[in-house]
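Engineer: Structure file model.cif (mmCIF, C-alpha atoms) is given on the next line.
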data_structure
loop_
_atom_site.label_atom_id
_atom_site.label_comp_id
_atom_site.auth_asym_id
_atom_site.auth_seq_id
_atom_site.Cartn_x
_atom_site.Cartn_y
_atom_site.Cartn_z
CA MET A 1 -38.07 6.63 -4.67
CA SER A 2 -38.14 5.90 -8.37
CA ALA A 3 -36.11 3.45 -10.42
CA ARG A 4 -33.01 4.81 -12.13
CA THR A 5 -31.88 3.64 -15.53
CA PRO A 6 -28.75 1.45 -15.30
CA ARG A 7 -25.81 3.08 -17.02
CA HIS A 8 -24.99 -0.04 -18.99
CA ALA A 9 -28.42 -1.49 -19.63
CA THR A 10 -28.33 -0.69 -23.35
CA SER A 11 -24.86 -2.09 -24.00
CA GLN A 12 -25.65 -5.22 -22.02
CA ARG A 13 -28.77 -5.90 -24.07
CA GLY A 14 -26.80 -5.48 -27.28
CA TYR A 15 -24.04 -7.70 -25.98
CA PHE A 16 -26.32 -10.61 -25.18
CA SER A 17 -28.63 -10.19 -28.17
CA ARG A 18 -25.73 -10.62 -30.57
CA ALA A 19 -24.60 -13.56 -28.44
CA ARG A 20 -27.81 -15.39 -29.28
CA GLY A 21 -26.99 -15.50 -32.99
CA VAL A 22 -23.52 -16.99 -32.57
CA ALA A 23 -24.45 -19.34 -29.73
CA LEU A 24 -27.57 -20.56 -31.50
CA SER A 25 -25.49 -21.70 -34.46
CA VAL A 26 -23.17 -23.54 -32.07
CA LEU A 27 -26.05 -25.25 -30.31
CA SER A 28 -27.71 -26.19 -33.58
CA VAL A 29 -24.58 -28.12 -34.56
CA VAL A 30 -24.14 -29.66 -31.14
CA LEU A 31 -27.74 -30.79 -30.68
CA PHE A 32 -28.55 -33.38 -33.32
CA GLY A 33 -28.30 -31.00 -36.29
CA THR A 34 -31.75 -32.00 -37.59
CA SER A 35 -35.34 -31.07 -36.93
CA ALA A 36 -34.83 -32.70 -33.53
CA PHE A 37 -32.88 -29.56 -32.63
CA ALA A 38 -36.05 -27.48 -32.64
CA ILE A 39 -37.75 -29.95 -30.32
CA ALA A 40 -34.75 -30.06 -27.99
CA TYR A 41 -34.43 -26.27 -27.99
CA ASN A 42 -38.08 -25.68 -27.16
CA ASP A 43 -38.11 -28.35 -24.44
CA ILE A 44 -35.02 -27.00 -22.70
CA GLN A 45 -35.88 -23.31 -23.10
CA GLY A 46 -39.32 -23.99 -21.68
CA ASN A 47 -37.74 -25.39 -18.50
CA ILE A 48 -36.17 -22.09 -17.47
CA ASP A 49 -38.01 -19.50 -15.37
CA ARG A 50 -36.60 -16.18 -16.63
CA HIS A 51 -37.01 -12.77 -14.96
CA ASP A 52 -36.27 -9.36 -16.49
CA ILE A 53 -34.92 -7.36 -13.54
CA THR A 54 -33.38 -4.46 -15.48
CA ASP A 55 -35.72 -1.88 -13.96
CA TYR A 56 -34.95 -3.06 -10.43
CA LEU A 57 -31.20 -2.49 -10.42
CA GLY A 58 -30.83 1.31 -10.36
CA ASP A 59 -27.33 2.78 -10.78
CA ARG A 60 -24.67 0.17 -11.49
CA PRO A 61 -20.89 -0.18 -11.27
CA THR A 62 -18.98 0.15 -14.52
CA ALA A 63 -18.81 -3.11 -16.48
CA ALA A 64 -15.24 -4.15 -17.26
CA GLY A 65 -14.49 -4.15 -20.97
CA SER A 66 -17.65 -2.19 -21.71
CA ASP A 67 -16.03 -0.82 -24.87
CA VAL A 68 -16.47 -4.27 -26.45
CA ALA A 69 -19.81 -5.04 -24.81
CA ASP A 70 -21.52 -5.40 -28.18
CA GLU A 71 -19.37 -8.32 -29.23
CA PRO A 72 -20.95 -11.80 -29.17
CA LEU A 73 -20.70 -14.15 -26.22
CA ASP A 74 -18.02 -16.49 -27.56
CA PRO A 75 -14.27 -17.12 -27.08
CA ALA A 76 -13.46 -14.00 -29.15
CA ALA A 77 -15.74 -11.69 -27.22
CA GLY A 78 -12.92 -10.24 -25.14
CA ARG A 79 -15.13 -9.37 -22.21
CA PRO A 80 -15.17 -10.77 -18.68
CA ILE A 81 -18.51 -11.92 -17.23
CA ASN A 82 -19.68 -12.01 -13.62
CA ILE A 83 -22.57 -14.31 -12.76
CA LEU A 84 -24.23 -14.35 -9.34
CA VAL A 85 -25.01 -17.94 -8.33
CA LEU A 86 -27.64 -18.23 -5.60
CA GLY A 87 -28.69 -21.38 -3.77
CA SER A 88 -32.26 -21.03 -2.52
CA ASP A 89 -33.48 -22.96 0.51
CA THR A 90 -37.14 -22.69 -0.50
CA ARG A 91 -39.31 -25.58 0.62
CA ALA A 92 -41.97 -24.91 -2.04
CA GLY A 93 -42.38 -27.48 -4.78
CA GLU A 94 -41.81 -31.18 -5.23
CA VAL A 95 -38.64 -32.52 -3.54
CA ASN A 96 -38.04 -29.15 -1.80
CA ASP A 97 -40.98 -29.82 0.52
CA GLU A 98 -39.27 -32.97 1.81
CA TYR A 99 -36.77 -30.84 3.75
CA GLY A 100 -39.17 -29.38 6.30
CA THR A 101 -39.70 -25.64 6.72
CA THR A 102 -37.33 -22.71 7.13
CA PRO A 103 -37.31 -21.18 10.62
CA GLU A 104 -38.75 -17.86 9.42
CA GLY A 105 -40.78 -19.28 6.55
CA GLY A 106 -40.29 -17.97 3.03
CA GLN A 107 -36.88 -18.55 1.48
CA ARG A 108 -33.29 -17.44 1.85
CA SER A 109 -30.08 -17.63 -0.16
CA ASP A 110 -28.00 -20.05 1.86
CA THR A 111 -25.25 -20.06 -0.78
CA THR A 112 -23.99 -17.08 -2.77
CA MET A 113 -21.08 -17.19 -5.20
CA ILE A 114 -19.73 -14.76 -7.77
CA ALA A 115 -18.53 -16.74 -10.79
CA HIS A 116 -16.05 -14.57 -12.69
CA ILE A 117 -15.31 -15.77 -16.23
CA SER A 118 -12.24 -14.13 -17.73
CA ALA A 119 -12.35 -12.26 -21.01
CA ASP A 120 -10.10 -14.85 -22.68
CA ARG A 121 -12.27 -17.70 -21.33
CA GLN A 122 -9.19 -19.34 -19.83
CA ARG A 123 -10.09 -18.76 -16.17
CA VAL A 124 -13.07 -19.07 -13.85
CA GLU A 125 -12.81 -17.63 -10.35
CA VAL A 126 -15.58 -18.51 -7.91
CA VAL A 127 -15.83 -16.32 -4.81
CA SER A 128 -18.14 -17.26 -1.95
CA ILE A 129 -19.80 -14.54 0.13
CA PRO A 130 -20.67 -15.82 3.62
CA ARG A 131 -24.40 -15.61 4.26
CA ASP A 132 -23.71 -14.35 7.82
CA SER A 133 -21.76 -11.31 6.61
CA LEU A 134 -22.86 -7.98 8.07
CA VAL A 135 -23.28 -5.62 5.12
CA THR A 136 -25.22 -2.63 3.85
CA ILE A 137 -28.35 -3.58 1.93
CA PRO A 138 -29.33 -0.67 -0.33
CA SER A 139 -32.89 0.35 -1.08
CA CYS A 140 -34.51 -2.33 -3.25
CA ARG A 141 -37.49 -2.02 -5.56
CA MET A 142 -40.38 -4.41 -4.99
CA GLY A 143 -42.76 -5.85 -7.53
CA ASP A 144 -45.45 -3.31 -6.69
CA GLY A 145 -43.11 -0.41 -7.45
CA THR A 146 -42.35 0.55 -3.83
CA TRP A 147 -38.81 0.74 -2.49
CA THR A 148 -37.49 -0.71 0.76
CA ALA A 149 -35.50 1.33 3.24
CA PRO A 150 -31.70 0.79 3.25
CA GLN A 151 -30.41 -1.45 6.01
CA TYR A 152 -27.04 -1.26 7.73
CA ASP A 153 -25.13 -4.02 9.50
CA ALA A 154 -27.71 -6.42 8.13
CA MET A 155 -27.25 -10.13 7.45
CA PHE A 156 -26.22 -10.57 3.83
CA ASN A 157 -28.74 -13.30 3.02
CA SER A 158 -31.60 -11.17 4.30
CA ALA A 159 -31.33 -9.20 1.03
CA PHE A 160 -32.71 -12.22 -0.83
CA ALA A 161 -35.45 -12.81 1.74
CA MET A 162 -36.44 -9.15 1.75
CA GLY A 163 -36.48 -8.96 -2.04
CA ALA A 164 -38.55 -12.14 -2.28
CA ASP A 165 -41.50 -10.43 -0.61
CA GLY A 166 -44.48 -12.29 -2.01
CA GLY A 167 -42.25 -15.06 -3.35
CA ASP A 168 -40.92 -13.13 -6.38
CA LEU A 169 -37.53 -14.65 -7.25
CA GLY A 170 -36.77 -11.87 -9.71
CA THR A 171 -36.94 -9.13 -7.09
CA ALA A 172 -35.09 -11.39 -4.63
CA ALA A 173 -32.22 -11.74 -7.12
CA ALA A 174 -32.29 -8.02 -7.94
CA CYS A 175 -32.00 -7.01 -4.27
CA THR A 176 -29.14 -9.47 -3.78
CA MET A 177 -27.39 -8.18 -6.91
CA ARG A 178 -27.69 -4.60 -5.68
CA THR A 179 -26.26 -5.66 -2.33
CA VAL A 180 -23.32 -7.47 -3.96
CA GLU A 181 -22.58 -4.51 -6.21
CA GLU A 182 -22.78 -2.17 -3.21
CA LEU A 183 -20.33 -4.41 -1.35
CA THR A 184 -17.85 -5.09 -4.16
CA ASP A 185 -18.33 -2.42 -6.87
CA VAL A 186 -18.18 -5.39 -9.27
CA TYR A 187 -20.67 -5.29 -12.14
CA ILE A 188 -22.87 -8.41 -12.10
CA ASP A 189 -24.01 -9.41 -15.59
CA ASP A 190 -26.74 -11.86 -14.62
CA PHE A 191 -27.88 -14.37 -12.03
CA VAL A 192 -28.93 -17.96 -11.63
CA ILE A 193 -30.95 -19.44 -8.75
CA VAL A 194 -30.83 -23.16 -7.99
CA ASP A 195 -33.13 -24.79 -5.45
CA PHE A 196 -32.75 -28.20 -3.81
CA ALA A 197 -34.57 -30.05 -6.58
CA GLY A 198 -32.51 -28.36 -9.28
CA PHE A 199 -29.24 -29.20 -7.54
CA ILE A 200 -30.24 -32.85 -7.20
CA ASN A 201 -31.20 -32.98 -10.87
CA VAL A 202 -27.85 -31.57 -12.02
CA ILE A 203 -25.85 -34.11 -10.00
CA ASP A 204 -27.98 -37.04 -11.11
CA ALA A 205 -27.76 -35.91 -14.75
CA LEU A 206 -23.97 -36.17 -14.43
CA GLY A 207 -24.31 -39.70 -13.10
CA GLY A 208 -23.18 -38.63 -9.63
CA VAL A 209 -20.05 -36.90 -8.36
CA PRO A 210 -16.95 -38.80 -7.14
CA MET A 211 -15.83 -37.51 -3.74
CA CYS A 212 -13.43 -38.52 -1.01
CA ILE A 213 -15.10 -38.57 2.41
CA PRO A 214 -12.26 -38.73 4.99
CA GLU A 215 -14.51 -39.69 7.92
CA PRO A 216 -18.09 -40.91 8.26
CA ILE A 217 -20.73 -38.16 8.33
CA SER A 218 -24.10 -38.45 10.03
CA ASP A 219 -26.20 -35.28 9.88
CA ARG A 220 -29.88 -35.88 10.47
CA ARG A 221 -30.86 -32.29 9.65
CA ALA A 222 -29.17 -32.52 6.24
CA LYS A 223 -30.58 -36.02 5.66
CA LEU A 224 -27.04 -37.30 5.22
CA GLU A 225 -25.43 -40.62 6.13
CA LEU A 226 -22.04 -41.23 4.48
CA GLU A 227 -19.37 -43.83 5.08
CA ALA A 228 -15.70 -42.88 4.87
CA GLY A 229 -13.77 -43.41 1.65
CA GLU A 230 -13.96 -42.78 -2.08
CA GLN A 231 -17.52 -42.87 -3.34
CA VAL A 232 -19.87 -41.42 -5.91
CA LEU A 233 -22.49 -39.13 -4.39
CA ASP A 234 -25.91 -39.08 -6.00
CA GLY A 235 -27.96 -35.89 -6.07
CA ARG A 236 -29.50 -36.23 -2.63
CA ASP A 237 -26.24 -37.17 -0.91
CA ALA A 238 -24.43 -34.32 -2.69
CA LEU A 239 -27.12 -31.89 -1.50
CA GLY A 240 -26.75 -33.24 2.03
CA PHE A 241 -22.97 -32.79 1.83
CA ALA A 242 -23.43 -29.18 0.71
CA ARG A 243 -25.90 -28.45 3.52
CA ALA A 244 -24.29 -30.41 6.37
CA ARG A 245 -23.26 -28.40 9.43
CA TYR A 246 -23.79 -30.67 12.41
CA ASN A 247 -22.03 -33.88 13.42
CA VAL A 248 -19.45 -33.39 10.66
CA PRO A 249 -15.98 -34.51 11.83
CA GLY A 250 -13.66 -31.53 12.23
CA SER A 251 -16.49 -29.02 11.66
CA ASP A 252 -17.33 -26.21 14.05
CA GLY A 253 -20.90 -26.09 12.74
CA SER A 254 -20.50 -22.62 11.24
CA ASP A 255 -21.58 -21.41 7.83
CA ILE A 256 -17.94 -20.52 7.13
CA ASP A 257 -16.91 -24.13 7.65
CA ARG A 258 -19.69 -25.31 5.36
CA ILE A 259 -18.48 -22.98 2.58
CA GLY A 260 -15.24 -24.96 2.36
CA ARG A 261 -17.14 -28.21 1.76
CA GLN A 262 -19.39 -26.53 -0.79
CA GLN A 263 -16.36 -25.36 -2.73
CA GLN A 264 -14.89 -28.87 -2.66
CA LEU A 265 -18.17 -30.20 -4.02
CA VAL A 266 -18.41 -27.61 -6.81
CA ALA A 267 -14.80 -28.39 -7.74
CA ALA A 268 -15.73 -32.08 -8.00
CA ILE A 269 -18.76 -31.18 -10.14
CA ALA A 270 -16.51 -29.21 -12.50
CA ARG A 271 -14.09 -32.15 -12.78
CA GLU A 272 -16.88 -34.55 -13.56
CA ALA A 273 -18.64 -32.26 -16.04
CA LEU A 274 -15.43 -31.60 -17.98
CA SER A 275 -14.47 -35.29 -17.95
CA LYS A 276 -17.80 -36.24 -19.57
CA ASN A 277 -16.93 -34.41 -22.80
CA LEU A 278 -20.61 -33.67 -23.26
CA LEU A 279 -20.09 -31.65 -26.44
CA THR A 280 -19.27 -34.85 -28.33
CA ASP A 281 -21.87 -37.07 -26.64
CA LEU A 282 -25.06 -35.58 -28.03
CA PRO A 283 -27.69 -37.68 -26.19
CA ALA A 284 -25.84 -37.13 -22.91
CA LEU A 285 -25.68 -33.38 -23.58
CA TYR A 286 -29.43 -33.20 -24.15
CA ARG A 287 -30.18 -35.21 -21.01
CA PHE A 288 -27.87 -33.01 -18.98
CA LEU A 289 -29.28 -29.72 -20.26
CA ASP A 290 -32.84 -30.95 -19.86
CA ALA A 291 -32.20 -31.95 -16.24
CA ALA A 292 -29.96 -29.01 -15.36
CA THR A 293 -32.54 -26.45 -16.48
CA SER A 294 -35.66 -28.16 -15.12
CA THR A 295 -35.94 -25.94 -12.03
CA LEU A 296 -33.59 -23.12 -12.99
CA THR A 297 -34.38 -19.43 -12.43
CA THR A 298 -32.28 -16.85 -14.27
CA GLY A 299 -32.25 -13.40 -15.78
CA THR A 300 -33.52 -13.01 -19.32
CA GLU A 301 -30.07 -13.17 -20.91
CA LEU A 302 -28.34 -16.02 -19.10
CA GLY A 303 -31.58 -17.96 -19.33
CA SER A 304 -31.39 -17.91 -23.11
CA ILE A 305 -30.35 -21.34 -24.38
CA PRO A 306 -28.13 -19.86 -27.12
CA THR A 307 -26.31 -17.77 -24.52
CA LEU A 308 -25.86 -20.77 -22.20
CA ALA A 309 -24.65 -22.93 -25.07
CA GLY A 310 -22.25 -20.31 -26.39
CA LEU A 311 -20.77 -19.71 -22.95
CA ALA A 312 -20.38 -23.44 -22.28
CA TYR A 313 -18.80 -23.95 -25.68
CA SER A 314 -16.30 -21.15 -25.12
CA LEU A 315 -15.18 -22.80 -21.85
CA ARG A 316 -14.83 -26.32 -23.26
CA GLY A 317 -11.02 -26.27 -23.17
CA ILE A 318 -10.46 -24.69 -19.77
CA ASP A 319 -7.86 -26.31 -17.48
CA LEU A 320 -9.04 -27.54 -14.10
CA GLU A 321 -6.17 -25.65 -12.47
CA ASN A 322 -7.64 -22.42 -13.82
CA ILE A 323 -10.97 -22.89 -12.05
CA VAL A 324 -10.25 -21.57 -8.56
CA PHE A 325 -12.32 -21.00 -5.45
CA GLU A 326 -11.96 -18.36 -2.75
CA THR A 327 -14.00 -16.93 0.11
CA MET A 328 -14.39 -13.23 0.79
CA PRO A 329 -11.77 -12.23 3.39
CA PHE A 330 -13.58 -11.49 6.63
CA GLU A 331 -13.20 -10.67 10.30
CA TRP A 332 -15.28 -12.26 13.03
CA ALA A 333 -17.93 -10.12 14.68
CA GLY A 334 -19.29 -12.39 17.40
CA ASN A 335 -21.03 -15.21 15.58
CA ARG A 336 -21.22 -13.08 12.43
CA VAL A 337 -18.50 -11.80 10.10
CA ARG A 338 -17.60 -8.51 8.46
CA PRO A 339 -15.70 -7.98 5.20
CA ALA A 340 -12.00 -7.51 5.96
CA ALA A 341 -9.91 -4.74 4.41
CA GLU A 342 -8.18 -7.40 2.30
CA ALA A 343 -11.46 -8.08 0.52
CA GLU A 344 -10.95 -4.94 -1.58
CA THR A 345 -7.87 -6.55 -3.18
CA LEU A 346 -10.04 -9.47 -4.25
CA TRP A 347 -12.81 -7.26 -5.61
CA GLN A 348 -10.27 -5.17 -7.51
CA ALA A 349 -8.93 -8.33 -9.18
CA LEU A 350 -12.43 -9.22 -10.34
CA ARG A 351 -13.08 -5.70 -11.59
CA GLU A 352 -9.82 -5.67 -13.55
CA ASP A 353 -10.09 -9.28 -14.75
CA GLU A 354 -6.86 -10.23 -13.00
CA PRO A 355 -6.28 -13.82 -11.79
CA ILE A 356 -6.55 -14.67 -8.11
CA GLN A 357 -4.70 -17.45 -6.36
CA GLY A 358 -7.66 -18.90 -4.48
CA ALA A 359 -7.74 -21.52 -1.76
CA LEU A 360 -8.70 -24.47 -3.99
CA ASN A 361 -8.86 -25.31 -7.67
CA ALA A 362 -11.08 -27.70 -9.60
CA ALA A 363 -8.28 -30.26 -9.74
CA GLY A 364 -8.79 -30.60 -5.98
CA GLU A 365 -5.48 -28.91 -5.17
CA GLU A 366 -4.54 -25.95 -3.02
CA PRO A 367 -2.82 -23.50 -5.40
CA THR A 368 0.65 -22.43 -4.29
CA ALA A 369 2.21 -19.09 -5.04
CA GLU A 370 5.25 -19.32 -7.31
CA GLU A 371 8.53 -18.38 -5.66
CA PRO A 372 10.12 -15.38 -7.43
CA GLU A 373 13.42 -16.10 -9.08
CA ASP A 374 16.42 -14.21 -7.73
CA ASP A 375 18.19 -12.46 -10.58
CA THR A 376 19.67 -9.62 -8.57
CA GLY A 377 23.11 -11.19 -8.29
CA ASP A 378 23.38 -10.10 -4.66
CA GLY A 379 23.95 -13.57 -3.38
CA THR A 380 20.54 -14.00 -1.79
CA GLY A 381 18.97 -16.39 -4.27
CA ASP A 382 19.26 -20.11 -4.96
CA ASP A 383 22.64 -19.65 -6.65
CA ALA A 384 24.22 -17.87 -3.69
CA THR A 385 27.49 -19.32 -2.43
CA GLU A 386 27.46 -20.24 1.24
CA GLU A 387 30.08 -21.49 3.64
CA PRO A 388 29.75 -25.25 4.13
CA THR A 389 28.23 -26.24 7.43
CA ALA A 390 27.63 -29.54 9.15
CA PRO A 391 24.17 -30.95 8.60
CA PRO A 392 21.84 -30.36 11.56
CA VAL A 393 20.98 -33.24 13.82
CA THR A 394 17.26 -33.96 13.51
CA ALA A 395 14.97 -36.50 15.03
CA GLU A 396 13.54 -39.29 12.91
CA PRO A 397 10.41 -37.99 11.17
CA GLU A 398 7.09 -39.27 12.34
CA PRO A 399 5.46 -41.61 9.82
CA THR A 400 2.82 -39.81 7.75
CA PRO A 401 -0.56 -41.50 8.10
CA THR A 402 -2.00 -42.75 4.83
CA SER A 403 -5.18 -41.00 3.76
CA ILE A 404 -8.22 -43.22 3.55
CA CYS A 405 -8.62 -41.99 -0.03
CA GLY A 406 -5.02 -42.64 -1.05
#
For this file, write the structure as structure tokens.
Structural biologist:
Amino acid sequence: MSARTPRHATSQRGYFSRARGVALSVLSVVLFGTSAFAIAYNDIQGNIDRHDITDYLGDRPTAAGSDVADEPLDPAAGRPINILVLGSDTRAGEVNDEYGTTPEGGQRSDTTMIAHISADRQRVEVVSIPRDSLVTIPSCRMGDGTWTAPQYDAMFNSAFAMGADGGDLGTAAACTMRTVEELTDVYIDDFVIVDFAGFINVIDALGGVPMCIPEPISDRRAKLELEAGEQVLDGRDALGFARARYNVPGSDGSDIDRIGRQQQLVAAIAREALSKNLLTDLPALYRFLDAATSTLTTGTELGSIPTLAGLAYSLRGIDLENIVFETMPFEWAGNRVRPAAEAETLWQALREDEPIQGALNAAGEEPTAEEPEDDTGDGTGDDATEEPTAPPVTAEPEPTPTSICG
């Protein structure tokens, strides 16, 4: 089987190449504005391991807003972006090797999220895909030019492991992207892979992440020991919190349960990052970018510092309430899950750049659907006139226990 040219490869290259010019001017102002900018740029850009996977993606879904795909990546671009965020459990490399070995060896994508950034840069929707989902994995091209056979009812995260044959993260990401696009029909613009060491570096560069831990957690496998209460998690404790599955109060030990805690953690990271106002604290911005990119693997476009800077700059004013988290609707299939019919509604919203309600937002709240106002005049709304009735007799309410975190 031979590689097929992606329908939107040309427009995507033009879109991101023009982005570099605008974003580079932004970054040059933000970072020192002197010859130190060149040093900072080269240091940070050199951190990122970039992979050109264009030839590995075959036919693609239609990119939303492709008629403006040549506009620069900035607040005026008018184009939504979908980024595949992958958490690798590789044990190769410093820090990663402290966490033992994976059961099958190699590496897997324990965490997969689609980060949808709206065209107006006012919303970010983060959708988790359970690693234990049973899906179709299409034929994937390997580094030697051969193609794998399609797999059906396969574990979702096996796409990454299969693509990483020989340890190639680019082909691992490409196979996962093809699988996500097969599942959702959502065009994925680019990817980012973060390993354990990279995650720790990001958290520590922020100075830690404030979290409320309702009950003590002791998970030896995740190297996690946490007391209950409000506390600031450093990089290693935050990684342990994201990985914990066993001996977690109220947890059933499933990957689905862990996804909820991962979303809470990412929401806390977003709160902390936005509260730092890094764009006006230049030394802090440099330290953060230097640490955040030190073990980052991306595609060629997202891995461009001007593109990263332009995208970050365009999101600088986003409201926490507009960063929402959701998990792909699913049905249980034994100890695995399958995408539920309702998942198509979610994917359609991403394809059409429509907001989703989500289960959590970055403010740490559960979004609530707004009640529709009754303007029909049929007497069924809040203004309806009712016959007076005696108040019901109710028992005294039970006192609500006070949360340990207030």
Engineer: Go through segment 129-159 of chain A residue by residue and, counting all atoms listed in the file, keep those with an atom at most 8 Å from segment 339-362 of chain A; for each kept residue give the shortest atom pair and its distance in Å to one decimal, ordered by chain and increasing number, as JSON lines.
Structural biologist:
{"residue": "A:Ser133", "atom": "CA", "partner": "A:Pro339", "partner_atom": "CA", "distance": 7.1}
{"residue": "A:Leu134", "atom": "CA", "partner": "A:Pro339", "partner_atom": "CA", "distance": 7.7}
{"residue": "A:Val135", "atom": "CA", "partner": "A:Pro339", "partner_atom": "CA", "distance": 7.9}
Engineer: When you count all atoms listed in the file, which of these residues is closest to Glu225 of chain A: A:Val248, A:Phe330, A:Asp204, A:Val209?
Structural biologist: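 Ranked by minimum distance to Glu225 of chain A, first place goes to A:Val248.
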Engineer: Please compute the atom CA of Ile203 of chain A-atom CA of Thr293 of chain A distance, one decimal, in Å.
Structural biologist: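 So the two atoms, atom CA of Ile203 of chain A and atom CA of Thr293 of chain A, lie 12.1 Å apart.
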Engineer: Looking at A:Ala268, A:Leu169, A:Ile256, A:Ala119, which one is nearest to Thr327 of chain A, with distances taken over only C-alpha atoms?
Structural biologist: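 Of the candidates, the smallest distance to Thr327 of chain A is held by A:Ile256.
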Engineer: Determine, using only C-alpha atoms, which residues of segment 295-335 of chain A have any atom at most 10 Å from an atom of segment 52-59 of chain A, and tabulate each with its shortest atom pair and distance in Å to one decimal place, rows ordered by chain and then rising number, as a Markdown table.
Structural biologist:
| residue | atom | partner | partner_atom | distance |
| --- | --- | --- | --- | --- |
| A:Thr298 | CA | A:Asp52 | CA | 8.8 |
| A:Gly299 | CA | A:Asp52 | CA | 5.7 |
| A:Thr300 | CA | A:Asp52 | CA | 5.4 |
| A:Glu301 | CA | A:Asp52 | CA | 8.5 |
Engineer: Next, the residues of the selection above should be written as an mmCIF file, in the frame of the given file with C-alpha atoms.
Structural biologist:
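Okay, result22.cif is ready:
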data_model
loop_
_atom_site.group_PDB
_atom_site.id
_atom_site.type_symbol
_atom_site.label_atom_id
_atom_site.label_comp_id
_atom_site.auth_asym_id
_atom_site.auth_seq_id
_atom_site.Cartn_x
_atom_site.Cartn_y
_atom_site.Cartn_z
ATOM 1 C CA THR A 298 -32.280 -16.850 -14.270
ATOM 2 C CA GLY A 299 -32.250 -13.400 -15.780
ATOM 3 C CA THR A 300 -33.520 -13.010 -19.320
ATOM 4 C CA GLU A 301 -30.070 -13.170 -20.910
#
Engineer: Can you spell out as a ChimeraX atom specification the set of residues that the PyMOL selection byres ((chain A and resi 224) around 9) selects in the structure I just provided?
Structural biologist: /A:217-223,225-226,236-241,244
Engineer: Just want the 9 Å neighbourhood of Cys175 of chain A, counted on only C-alpha atoms, with same-chain residues fewer than 2 positions away dropped. Output as an MDAnalysis selection string.
Structural biologist: chainID A and resid 56:57 137:142 159:160 162:164 170:173 177:180
Engineer: Using all atoms listed in the file, determine which residues lie at most 6 Å from Glu125 of chain A, disregarding the query and same-chain residues fewer than 5 positions distant; provide the list as a compact mmCIF listing (two decimals) with C-alpha atoms, in the frame of the given file.
Structural biologist:
# COMPACT_ATOMS: atom_id res chain seq x y z
CA ALA A 115 -18.53 -16.74 -10.79
CA HIS A 116 -16.05 -14.57 -12.69
CA ILE A 323 -10.97 -22.89 -12.05
CA VAL A 324 -10.25 -21.57 -8.56
CA PHE A 325 -12.32 -21.00 -5.45
Engineer: Measure the distance from atom CA of Phe199 of chain A to atom CA of Ala363 of chain A in Å and round it to one decimal.
Structural biologist: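 A separation of 21.1 Å between them.
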Engineer: Find the residues with any atom within 10 Å of (-29.0, -3.4, 9.0); use all atoms listed in the file and the coordinates as given in the file, and write the answer as a list in words.
Structural biologist: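 Within the cut-off we find Leu134, Val135, Thr136, Ile137, Pro138, Ala149, Pro150, Gln151, Tyr152, Asp153, Ala154, Met155, Phe156 and Ser158 of chain A.
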Engineer: Just so the selection is clear, what residues does the PyMOL selection byres ((chain A and resi 201) around 8) cover here, as a list in words?
Structural biologist: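 On this input, the PyMOL selection byres ((chain A and resi 201) around 8) captures Ala197, Gly198, Phe199, Ile200, Val202, Ile203, Asp204, Ala205, Gly235, Ala291, Ala292 and Ser294 of chain A.
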Engineer: Find the residue from A:Thr146, A:Arg60, A:Gly253, A:Gly167 that sits nearest to Thr184 of chain A; use only C-alpha atoms when measuring.
Structural biologist: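 Using only C-alpha atoms, the shortest distance to Thr184 of chain A belongs to A:Arg60.
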